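To be precise, the following lines are data24.txt, and they hold compact mmCIF, C-alpha atoms and all ligand atoms.
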# COMPACT_ATOMS: atom_id res chain seq x y z
CA MET A 1 36.06 89.87 127.78
CA ILE A 2 36.30 91.38 124.32
CA SER A 3 33.70 89.90 122.02
CA ILE A 4 34.39 88.86 118.45
CA LYS A 5 31.38 89.61 116.31
CA SER A 6 29.85 87.03 113.99
CA LYS A 7 29.10 87.80 110.37
CA ARG A 8 25.43 88.32 111.27
CA GLU A 9 26.33 90.67 114.13
CA ILE A 10 28.63 92.66 111.88
CA GLU A 11 25.83 93.02 109.32
CA LEU A 12 23.58 94.52 112.01
CA MET A 13 26.36 96.79 113.27
CA VAL A 14 27.03 98.08 109.75
CA ILE A 15 23.37 99.09 109.57
CA ALA A 16 23.38 100.63 113.08
CA GLY A 17 26.56 102.56 112.29
CA ASN A 18 25.18 103.79 109.01
CA ILE A 19 22.03 105.06 110.72
CA VAL A 20 24.22 107.05 113.13
CA TYR A 21 26.20 108.48 110.22
CA GLN A 22 23.03 109.40 108.33
CA THR A 23 21.64 111.07 111.44
CA HIS A 24 24.70 113.30 111.67
CA LYS A 25 24.39 114.21 107.98
CA TYR A 26 20.66 114.91 108.44
CA LEU A 27 21.27 117.20 111.43
CA GLU A 28 24.17 119.16 109.99
CA PRO A 29 22.15 121.76 108.02
CA PHE A 30 20.04 122.50 111.12
CA ILE A 31 23.11 123.40 113.21
CA LYS A 32 22.83 127.17 112.93
CA PRO A 33 22.53 130.18 115.24
CA GLY A 34 19.07 130.23 116.85
CA VAL A 35 18.34 126.50 116.85
CA SER A 36 17.72 125.03 120.30
CA LEU A 37 19.43 121.91 121.57
CA LEU A 38 16.05 120.26 122.14
CA GLU A 39 15.07 120.91 118.53
CA LEU A 40 18.23 119.16 117.35
CA ASP A 41 17.61 116.28 119.76
CA GLY A 42 14.01 115.88 118.58
CA LEU A 43 15.07 115.86 114.93
CA ALA A 44 17.70 113.21 115.65
CA GLU A 45 15.30 111.02 117.60
CA LYS A 46 12.62 111.12 114.88
CA PHE A 47 15.21 110.39 112.21
CA ILE A 48 16.67 107.40 114.07
CA ILE A 49 13.20 105.95 114.66
CA SER A 50 12.29 106.52 110.98
CA LYS A 51 15.20 104.21 110.09
CA GLY A 52 13.86 101.38 112.22
CA ALA A 53 16.29 101.94 115.10
CA LYS A 54 16.13 103.33 118.64
CA PRO A 55 18.30 106.06 120.13
CA SER A 56 20.84 104.14 122.23
CA PHE A 57 21.32 106.88 124.81
CA LYS A 58 17.69 107.47 125.75
CA GLY A 59 17.20 105.86 129.14
CA TYR A 60 20.81 104.64 129.26
CA GLU A 61 21.64 104.82 132.96
CA GLY A 62 18.72 107.25 133.14
CA PHE A 63 19.93 109.68 130.46
CA PRO A 64 16.81 111.66 129.48
CA ASN A 65 17.36 112.34 125.77
CA ALA A 66 18.23 110.77 122.44
CA THR A 67 21.50 112.64 121.98
CA CYS A 68 24.19 114.23 124.11
CA ILE A 69 24.77 117.83 123.02
CA SER A 70 27.72 119.67 124.54
CA VAL A 71 28.47 123.33 123.80
CA ASN A 72 31.85 125.10 124.06
CA GLU A 73 33.37 124.29 127.48
CA GLU A 74 31.07 121.29 127.83
CA VAL A 75 33.09 118.19 127.00
CA VAL A 76 30.48 115.43 126.79
CA HIS A 77 27.11 114.28 128.17
CA GLY A 78 25.39 117.64 127.72
CA ILE A 79 21.64 117.29 128.23
CA PRO A 80 19.65 118.95 125.42
CA SER A 81 17.79 122.01 126.73
CA ASN A 82 16.02 125.08 125.39
CA ARG A 83 19.41 126.77 125.08
CA LYS A 84 19.81 128.23 121.61
CA LEU A 85 23.06 127.97 119.72
CA LYS A 86 24.86 131.24 118.97
CA LYS A 87 27.23 132.24 116.21
CA GLY A 88 30.75 131.38 117.31
CA ASP A 89 29.76 128.36 119.43
CA ILE A 90 31.11 124.91 118.83
CA VAL A 91 28.74 122.06 119.54
CA SER A 92 29.54 118.37 119.97
CA ILE A 93 26.69 116.00 119.18
CA ASP A 94 27.01 112.40 120.30
CA ILE A 95 24.60 109.97 118.67
CA GLY A 96 23.95 106.27 119.25
CA ALA A 97 21.53 104.04 117.38
CA ASP A 98 20.36 100.59 118.40
CA TYR A 99 19.36 98.48 115.42
CA LYS A 100 17.92 95.10 116.37
CA GLY A 101 19.98 95.11 119.55
CA TYR A 102 23.29 96.27 118.06
CA HIS A 103 24.72 99.75 118.47
CA GLY A 104 26.59 102.39 116.53
CA ASP A 105 28.16 105.34 118.35
CA SER A 106 29.63 108.50 116.85
CA ALA A 107 30.22 112.04 118.07
CA TRP A 108 31.11 115.00 115.92
CA SER A 109 31.89 118.63 116.76
CA TYR A 110 30.40 121.36 114.59
CA ALA A 111 31.00 125.06 114.18
CA VAL A 112 27.95 127.30 114.59
CA GLY A 113 28.44 129.99 111.96
CA GLU A 114 31.85 131.63 111.92
CA ILE A 115 34.10 130.57 114.83
CA ASP A 116 37.37 132.02 116.08
CA ASP A 117 40.78 130.66 115.14
CA ASP A 118 41.32 128.97 118.50
CA LYS A 119 38.16 126.93 118.12
CA LYS A 120 39.06 126.10 114.51
CA TYR A 121 42.45 124.87 115.71
CA LEU A 122 40.85 122.76 118.46
CA MET A 123 38.34 121.16 116.09
CA GLU A 124 40.83 120.48 113.31
CA HIS A 125 43.36 118.83 115.60
CA THR A 126 40.84 116.84 117.64
CA LYS A 127 39.49 115.39 114.39
CA GLN A 128 43.01 114.60 113.24
CA ALA A 129 43.73 112.95 116.63
CA LEU A 130 40.81 110.61 115.94
CA TRP A 131 42.38 109.67 112.60
CA GLU A 132 45.76 109.15 114.23
CA GLY A 133 44.08 106.59 116.49
CA ILE A 134 42.02 104.92 113.77
CA LYS A 135 45.08 104.42 111.55
CA GLU A 136 46.53 102.09 114.20
CA VAL A 137 43.64 99.64 114.02
CA LYS A 138 44.49 96.25 112.56
CA PRO A 139 44.72 92.66 113.80
CA GLY A 140 47.74 92.27 116.08
CA ALA A 141 47.88 95.95 117.07
CA ARG A 142 47.19 96.75 120.71
CA ILE A 143 44.83 99.15 122.41
CA GLY A 144 47.80 101.08 123.81
CA ASP A 145 48.98 101.83 120.27
CA ILE A 146 45.80 103.84 119.68
CA GLY A 147 46.08 105.87 122.88
CA TYR A 148 49.76 106.42 122.36
CA LYS A 149 49.19 108.01 118.95
CA ILE A 150 46.31 110.17 120.15
CA GLU A 151 48.25 111.36 123.20
CA ARG A 152 51.35 112.10 121.16
CA TYR A 153 49.34 114.10 118.64
CA ALA A 154 47.47 116.06 121.33
CA ASN A 155 50.70 116.86 123.14
CA ALA A 156 52.36 118.00 119.92
CA HIS A 157 49.46 120.42 119.44
CA ASN A 158 49.29 121.60 123.04
CA LEU A 159 45.79 120.32 123.63
CA GLY A 160 44.51 118.98 126.94
CA ILE A 161 43.44 115.34 127.04
CA VAL A 162 40.37 114.25 128.98
CA ARG A 163 41.64 111.12 130.73
CA GLU A 164 38.67 110.25 132.94
CA LEU A 165 36.58 109.22 129.92
CA CYS A 166 37.57 106.94 127.10
CA GLY A 167 36.50 104.97 124.05
CA HIS A 168 35.12 101.46 124.42
CA GLY A 169 34.05 98.26 122.78
CA VAL A 170 30.66 98.36 121.03
CA GLY A 171 28.25 95.52 120.28
CA ASN A 172 24.93 94.46 121.72
CA ASN A 173 25.92 96.73 124.58
CA LEU A 174 26.64 100.37 123.93
CA HIS A 175 29.72 100.16 126.15
CA GLU A 176 31.69 96.91 126.25
CA ASP A 177 35.25 95.83 126.88
CA PRO A 178 37.84 97.01 126.20
CA ASP A 179 38.36 100.57 127.43
CA VAL A 180 40.07 102.60 124.72
CA PRO A 181 41.91 105.45 126.48
CA ASN A 182 43.10 108.54 124.66
CA TYR A 183 46.58 108.10 126.12
CA GLY A 184 48.87 105.15 126.65
CA SER A 185 52.01 103.29 125.74
CA ALA A 186 52.62 101.58 122.42
CA HIS A 187 52.74 97.75 122.48
CA THR A 188 50.62 97.51 125.63
CA GLY A 189 47.05 96.50 126.38
CA PRO A 190 44.66 94.05 124.73
CA VAL A 191 45.49 92.77 121.25
CA LEU A 192 43.05 93.66 118.47
CA LYS A 193 41.55 90.80 116.49
CA GLU A 194 39.43 90.58 113.38
CA GLY A 195 35.75 90.98 114.29
CA MET A 196 36.24 93.27 117.29
CA VAL A 197 34.40 96.59 117.23
CA ILE A 198 35.61 99.62 119.17
CA ALA A 199 34.63 103.26 119.50
CA ILE A 200 37.61 105.61 119.40
CA GLU A 201 36.74 109.04 120.77
CA PRO A 202 39.32 111.67 121.65
CA MET A 203 38.00 114.51 123.80
CA LEU A 204 40.56 117.32 123.64
CA ASN A 205 40.61 120.70 125.34
CA LEU A 206 42.02 124.04 124.31
CA GLY A 207 43.26 124.45 127.89
CA SER A 208 44.22 121.96 130.58
CA ASP A 209 43.22 118.31 130.95
CA ASP A 210 41.04 118.97 133.97
CA ILE A 211 37.28 118.51 134.00
CA VAL A 212 34.39 118.83 136.43
CA VAL A 213 30.95 117.24 136.58
CA GLU A 214 28.12 119.77 136.64
CA ASP A 215 25.29 119.75 139.21
CA ASN A 216 23.00 117.76 136.90
CA ASP A 217 25.43 114.81 137.45
CA TRP A 218 25.77 114.32 133.70
CA THR A 219 27.40 117.21 131.93
CA ILE A 220 31.19 117.25 131.99
CA THR A 221 32.86 120.63 131.51
CA THR A 222 36.44 121.83 131.44
CA LEU A 223 37.63 123.17 134.78
CA ASP A 224 39.17 126.24 133.14
CA ARG A 225 36.00 126.77 131.03
CA LYS A 226 38.01 126.70 127.82
CA PRO A 227 36.40 124.93 124.84
CA SER A 228 36.53 121.19 124.25
CA ALA A 229 35.94 119.10 121.11
CA HIS A 230 34.91 115.47 120.62
CA PHE A 231 35.17 113.27 117.55
CA GLU A 232 34.20 109.60 117.62
CA HIS A 233 33.79 106.73 115.20
CA THR A 234 32.76 103.12 115.70
CA VAL A 235 35.39 101.00 113.98
CA LEU A 236 35.43 97.30 113.01
CA VAL A 237 38.73 95.42 112.99
CA THR A 238 38.94 93.68 109.60
CA LYS A 239 41.34 91.10 108.20
CA ASP A 240 43.71 93.76 106.88
CA GLY A 241 42.94 96.82 108.96
CA TYR A 242 39.71 98.56 109.80
CA GLN A 243 36.31 99.59 108.53
CA ILE A 244 34.63 102.70 109.90
CA LEU A 245 31.01 101.77 110.61
CA THR A 246 29.80 105.32 111.34
CA GLY A 247 31.22 107.01 108.25
CA GLU A 248 30.81 106.94 104.50
MG MG B 301 31.27 106.26 122.77
MG MG B 302 29.41 108.49 121.61
Could you spell out this file's structure in structure tokens?
Amino acid sequence: MISIKSKREIELMVIAGNIVYQTHKYLEPFIKPGVSLLELDGLAEKFIISKGAKPSFKGYEGFPNATCISVNEEVVHGIPSNRKLKKGDIVSIDIGADYKGYHGDSAWSYAVGEIDDDKKYLMEHTKQALWEGIKEVKPGARIGDIGYKIERYANAHNLGIVRELCGHGVGNNLHEDPDVPNYGSAHTGPVLKEGMVIAIEPMLNLGSDDIVVEDNDWTITTLDRKPSAHFEHTVLVTKDGYQILTGE
């Protein structure tokens, strides 16, 4: 069942989403060669707590940290470690905040120093694929319209689409109905209604679609070890269209 949020719930989700957005902005200047993934995770956790929220991911299905940090060929669910970022890496940081029981969820990919043109291309077009999906959101549109636009854009730019993972509803659970795949057919799937909240999150690869799960049972990497990018916003369906809860 897809929940319709009350005015009170939406107020809490606006705050949760804004905390996630602020956490990304806070971390950005620290994302430099030499910083370790655990340092970034610790900074994010402290910041989220300082805003009166809790990191949504910590303890979620046993996940050990506040953030998921995935480098280069890692797609999602990277576990922060002592690994230090190097110039030329791209790093995707996925952040969730739980404010009074309601969640915000947003991932962003960042360049570490100067990156090569292939990685720039991947990041630019994965971010644009997110916008292609978001632009579809309005009452009466269907979930398949979002996936259709993302898939079409990724195909037009020769990027692999991770199909095993998808966006999702967000509310007092981090992951709720409906699934929001990054592929699909227009005019299919659940109908969007005012008051629904969904996370849209294309994960696109410079190479093929295929992924593997690493031995830690969390981290997903591309099978061909080519880089992957991830951009995600939590989006409210409004009367006329949408409101991004995890952005400005
Ligand atoms: Mg998500
Ligand atoms: Mg996320």
For this session: Skip Ile69 of chain A itself and residues of its chain fewer than 5 positions away, then list as a PyMOL selection string all residues within 7 Å of it, counting only C-alpha atoms.
Result: chain A and resi 37+77-80+91-94
For this session: Please indicate the distance in Å from atom CA of Ala186 of chain A to atom CA of Lys120 of chain A, rounded to one decimal place.
Result: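 These two atoms are separated by 29.1 Å.
Listed by chain and then residue number, the contacts of ligand MG 301 (chain B) are Asp105, Ser106, Gly167, His168, Ala199, Glu201 and Glu232 of chain A (distance at most 7 Å, using all atoms listed in the file).
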For this session: Might you pull out every residue within 10 Å of segment 145-150 of chain A, with all atoms listed in the file counted and same-chain residues fewer than 5 positions away left off, and present them as a ChimeraX atom specification?
Result: /A:126,128-137,155-156,161,166-167,180-191,200-202,204
Residue contacts of segment 44-59 of chain A (7 Å, only C-alpha atoms) excluding same-chain residues fewer than 2 positions away, as a short mmCIF file (atom, residue, chain, number, x, y, z; two decimals) with C-alpha atoms, keeping the file's coordinate frame:
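Final output, result-v2.cif:
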data_model
loop_
_atom_site.label_atom_id
_atom_site.label_comp_id
_atom_site.auth_asym_id
_atom_site.auth_seq_id
_atom_site.Cartn_x
_atom_site.Cartn_y
_atom_site.Cartn_z
CA ILE A 19 22.03 105.06 110.72
CA THR A 23 21.64 111.07 111.44
CA LEU A 27 21.27 117.20 111.43
CA LEU A 40 18.23 119.16 117.35
CA ASP A 41 17.61 116.28 119.76
CA GLY A 42 14.01 115.88 118.58
CA GLU A 61 21.64 104.82 132.96
CA GLY A 62 18.72 107.25 133.14
CA PHE A 63 19.93 109.68 130.46
CA PRO A 64 16.81 111.66 129.48
CA ASN A 65 17.36 112.34 125.77
CA ALA A 66 18.23 110.77 122.44
CA THR A 67 21.50 112.64 121.98
CA GLY A 96 23.95 106.27 119.25
CA ALA A 97 21.53 104.04 117.38
CA ASP A 98 20.36 100.59 118.40
CA TYR A 99 19.36 98.48 115.42
CA HIS A 103 24.72 99.75 118.47
#
For this session: Dig up all the protein and nucleic acid residues within 12 Å of (27.6, 89.0, 113.2) in the file frame, using only C-alpha atoms, and format them as a list of chain:residue names.
Result: A:Ser3, A:Ile4, A:Lys5, A:Ser6, A:Lys7, A:Arg8, A:Glu9, A:Ile10, A:Glu11, A:Leu12, A:Met13, A:Val14, A:Ile15, A:Lys100, A:Gly101, A:Tyr102, A:Gly171, A:Asn172, A:Glu194, A:Gly195, A:Met196, A:Val197, A:Leu236
Exercise. Which distance in Å separates atom CA of Ala154 of chain A and atom CA of Arg142 of chain A, to one decimal?
Worked result: 19.3 Å
Exercise. Which is closest to Ala229 of chain A among A:His125, A:His157, A:Arg83, A:Lys25, if we use all atoms listed in the file?
Worked result: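 Checking each of A:His125, A:His157, A:Arg83, A:Lys25 against Ala229 of chain A, counting all atoms listed in the file, the winner is A:His125.
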Exercise. Of the candidates A:Met123, A:Val212, A:Leu206, A:Val35, which one gets nearest to Ser81 of chain A if we count all atoms listed in the file?
Worked result: A:Val35
Centre, x/y/z edge lengths, axis-aligned box for segment 32-50 of chain A with 3 Å per side, as AutoDock Vina command-line options:
--center_x 17.6 --center_y 118.1 --center_z 116.6 --size_x 16.5 --size_y 30.3 --size_z 17.2
Problem set entry | Distance query Gly160 of chain A at most 10 Å, all atoms listed in the file, self and fewer than 6 positions along chain excluded, as a PyMOL selection string | chain A and resi 122+151+154+203-210+222+228
Exercise. Any idea what the distance is between atom CA of Thr246 of chain A and atom CA of Gly17 of chain A?
Worked result: 4.4 Å
Problem set entry | Nearest to ligand MG 302 (chain B), chosen from A:Ile244, A:Pro178, A:Cys68, A:Asn216, with all atoms listed in the file counted in the distances |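 Going through A:Ile244, A:Pro178, A:Cys68, A:Asn216 one by one, the smallest distance to ligand MG 302 (chain B) is for A:Cys68.
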For this session: Considering all atoms listed in the file, return as a ChimeraX atom specification whatever protein or nucleic-acid residues lie within 7 Å of Leu85 of chain A, sequence-local ones (same chain, fewer than 5 positions apart) excluded.
Result: /A:32-36
For this session: Go ahead and find all residues with at least one atom no further than 8 Å from (44.9, 85.7, 116.8) in the file's coordinates, using all atoms listed in the file; report them as JSON, numbers by chain.
Result: {"A": [139, 140, 193]}
For this session: Have a look at A:Glu124, A:Glu214, A:Asp118, A:Glu39 and name the one nearest to Lys84 of chain A; count all atoms listed in the file.
Result: A:Glu39
Would you mind putting N, CA and C atoms back on segment 190-224 of chain A and writing the result as a JSON list (two decimals), in the frame of the given file?
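Just written: out-v4.json:
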[["chain", "number", "residue", "atom", "x", "y", "z"],
["A", 190, "PRO", "N", 45.24, 95.16, 125.48],
["A", 190, "PRO", "CA", 44.66, 94.05, 124.73],
["A", 190, "PRO", "C", 45.03, 94.09, 123.25],
["A", 191, "VAL", "N", 45.15, 92.91, 122.67],
["A", 191, "VAL", "CA", 45.49, 92.77, 121.25],
["A", 191, "VAL", "C", 44.20, 92.81, 120.43],
["A", 192, "LEU", "N", 44.22, 93.58, 119.36],
["A", 192, "LEU", "CA", 43.05, 93.66, 118.47],
["A", 192, "LEU", "C", 42.99, 92.43, 117.57],
["A", 193, "LYS", "N", 41.75, 91.96, 117.36],
["A", 193, "LYS", "CA", 41.55, 90.80, 116.49],
["A", 193, "LYS", "C", 40.42, 91.10, 115.52],
["A", 194, "GLU", "N", 40.48, 90.44, 114.38],
["A", 194, "GLU", "CA", 39.43, 90.58, 113.38],
["A", 194, "GLU", "C", 38.06, 90.29, 114.01],
["A", 195, "GLY", "N", 37.10, 91.18, 113.76],
["A", 195, "GLY", "CA", 35.75, 90.98, 114.29],
["A", 195, "GLY", "C", 35.47, 91.75, 115.58],
["A", 196, "MET", "N", 36.50, 92.38, 116.14],
["A", 196, "MET", "CA", 36.24, 93.27, 117.29],
["A", 196, "MET", "C", 35.71, 94.60, 116.77],
["A", 197, "VAL", "N", 34.90, 95.26, 117.60],
["A", 197, "VAL", "CA", 34.40, 96.59, 117.23],
["A", 197, "VAL", "C", 34.66, 97.53, 118.41],
["A", 198, "ILE", "N", 35.30, 98.65, 118.11],
["A", 198, "ILE", "CA", 35.61, 99.62, 119.17],
["A", 198, "ILE", "C", 35.20, 101.03, 118.73],
["A", 199, "ALA", "N", 34.84, 101.83, 119.73],
["A", 199, "ALA", "CA", 34.63, 103.26, 119.50],
["A", 199, "ALA", "C", 35.88, 103.99, 119.96],
["A", 200, "ILE", "N", 36.44, 104.78, 119.07],
["A", 200, "ILE", "CA", 37.61, 105.61, 119.40],
["A", 200, "ILE", "C", 37.09, 107.04, 119.49],
["A", 201, "GLU", "N", 37.40, 107.74, 120.58],
["A", 201, "GLU", "CA", 36.74, 109.04, 120.77],
["A", 201, "GLU", "C", 37.57, 110.03, 121.57],
["A", 202, "PRO", "N", 38.58, 110.64, 120.93],
["A", 202, "PRO", "CA", 39.32, 111.67, 121.65],
["A", 202, "PRO", "C", 38.45, 112.85, 122.04],
["A", 203, "MET", "N", 38.62, 113.29, 123.29],
["A", 203, "MET", "CA", 38.00, 114.51, 123.80],
["A", 203, "MET", "C", 39.17, 115.42, 124.18],
["A", 204, "LEU", "N", 39.38, 116.46, 123.42],
["A", 204, "LEU", "CA", 40.56, 117.32, 123.64],
["A", 204, "LEU", "C", 40.11, 118.74, 123.98],
["A", 205, "ASN", "N", 40.94, 119.38, 124.81],
["A", 205, "ASN", "CA", 40.61, 120.70, 125.34],
["A", 205, "ASN", "C", 41.62, 121.74, 124.87],
["A", 206, "LEU", "N", 41.12, 122.95, 124.68],
["A", 206, "LEU", "CA", 42.02, 124.04, 124.31],
["A", 206, "LEU", "C", 42.93, 124.43, 125.50],
["A", 207, "GLY", "N", 42.46, 124.15, 126.70],
["A", 207, "GLY", "CA", 43.26, 124.45, 127.89],
["A", 207, "GLY", "C", 43.79, 123.18, 128.52],
["A", 208, "SER", "N", 43.63, 123.08, 129.83],
["A", 208, "SER", "CA", 44.22, 121.96, 130.58],
["A", 208, "SER", "C", 43.38, 120.70, 130.43],
["A", 209, "ASP", "N", 43.91, 119.60, 130.97],
["A", 209, "ASP", "CA", 43.22, 118.31, 130.95],
["A", 209, "ASP", "C", 41.99, 118.28, 131.86],
["A", 210, "ASP", "N", 41.95, 119.18, 132.83],
["A", 210, "ASP", "CA", 41.04, 118.97, 133.97],
["A", 210, "ASP", "C", 39.58, 119.24, 133.64],
["A", 211, "ILE", "N", 38.73, 118.40, 134.22],
["A", 211, "ILE", "CA", 37.28, 118.51, 134.00],
["A", 211, "ILE", "C", 36.54, 118.51, 135.33],
["A", 212, "VAL", "N", 35.27, 118.93, 135.27],
["A", 212, "VAL", "CA", 34.39, 118.83, 136.43],
["A", 212, "VAL", "C", 33.04, 118.29, 135.96],
["A", 213, "VAL", "N", 32.31, 117.70, 136.88],
["A", 213, "VAL", "CA", 30.95, 117.24, 136.58],
["A", 213, "VAL", "C", 29.99, 118.31, 137.10],
["A", 214, "GLU", "N", 29.07, 118.73, 136.24],
["A", 214, "GLU", "CA", 28.12, 119.77, 136.64],
["A", 214, "GLU", "C", 27.07, 119.21, 137.61],
["A", 215, "ASP", "N", 26.26, 120.13, 138.17],
["A", 215, "ASP", "CA", 25.29, 119.75, 139.21],
["A", 215, "ASP", "C", 24.22, 118.77, 138.72],
["A", 216, "ASN", "N", 24.00, 118.71, 137.40],
["A", 216, "ASN", "CA", 23.00, 117.76, 136.90],
["A", 216, "ASN", "C", 23.52, 116.31, 136.91],
["A", 217, "ASP", "N", 24.78, 116.13, 137.35],
["A", 217, "ASP", "CA", 25.43, 114.81, 137.45],
["A", 217, "ASP", "C", 25.71, 114.15, 136.10],
["A", 218, "TRP", "N", 25.49, 114.86, 135.04],
["A", 218, "TRP", "CA", 25.77, 114.32, 133.70],
["A", 218, "TRP", "C", 26.86, 115.12, 132.99],
["A", 219, "THR", "N", 26.58, 116.41, 132.83],
["A", 219, "THR", "CA", 27.40, 117.21, 131.93],
["A", 219, "THR", "C", 28.82, 117.38, 132.49],
["A", 220, "ILE", "N", 29.78, 117.08, 131.64],
["A", 220, "ILE", "CA", 31.19, 117.25, 131.99],
["A", 220, "ILE", "C", 31.68, 118.53, 131.33],
["A", 221, "THR", "N", 32.32, 119.40, 132.10],
["A", 221, "THR", "CA", 32.86, 120.63, 131.51],
["A", 221, "THR", "C", 34.34, 120.75, 131.87],
["A", 222, "THR", "N", 35.03, 121.60, 131.11],
["A", 222, "THR", "CA", 36.44, 121.83, 131.44],
["A", 222, "THR", "C", 36.50, 122.70, 132.70],
["A", 223, "LEU", "N", 37.48, 122.41, 133.53],
["A", 223, "LEU", "CA", 37.63, 123.17, 134.78],
["A", 223, "LEU", "C", 37.95, 124.63, 134.47],
["A", 224, "ASP", "N", 38.77, 124.86, 133.46],
["A", 224, "ASP", "CA", 39.17, 126.24, 133.14],
["A", 224, "ASP", "C", 38.17, 126.93, 132.20]]
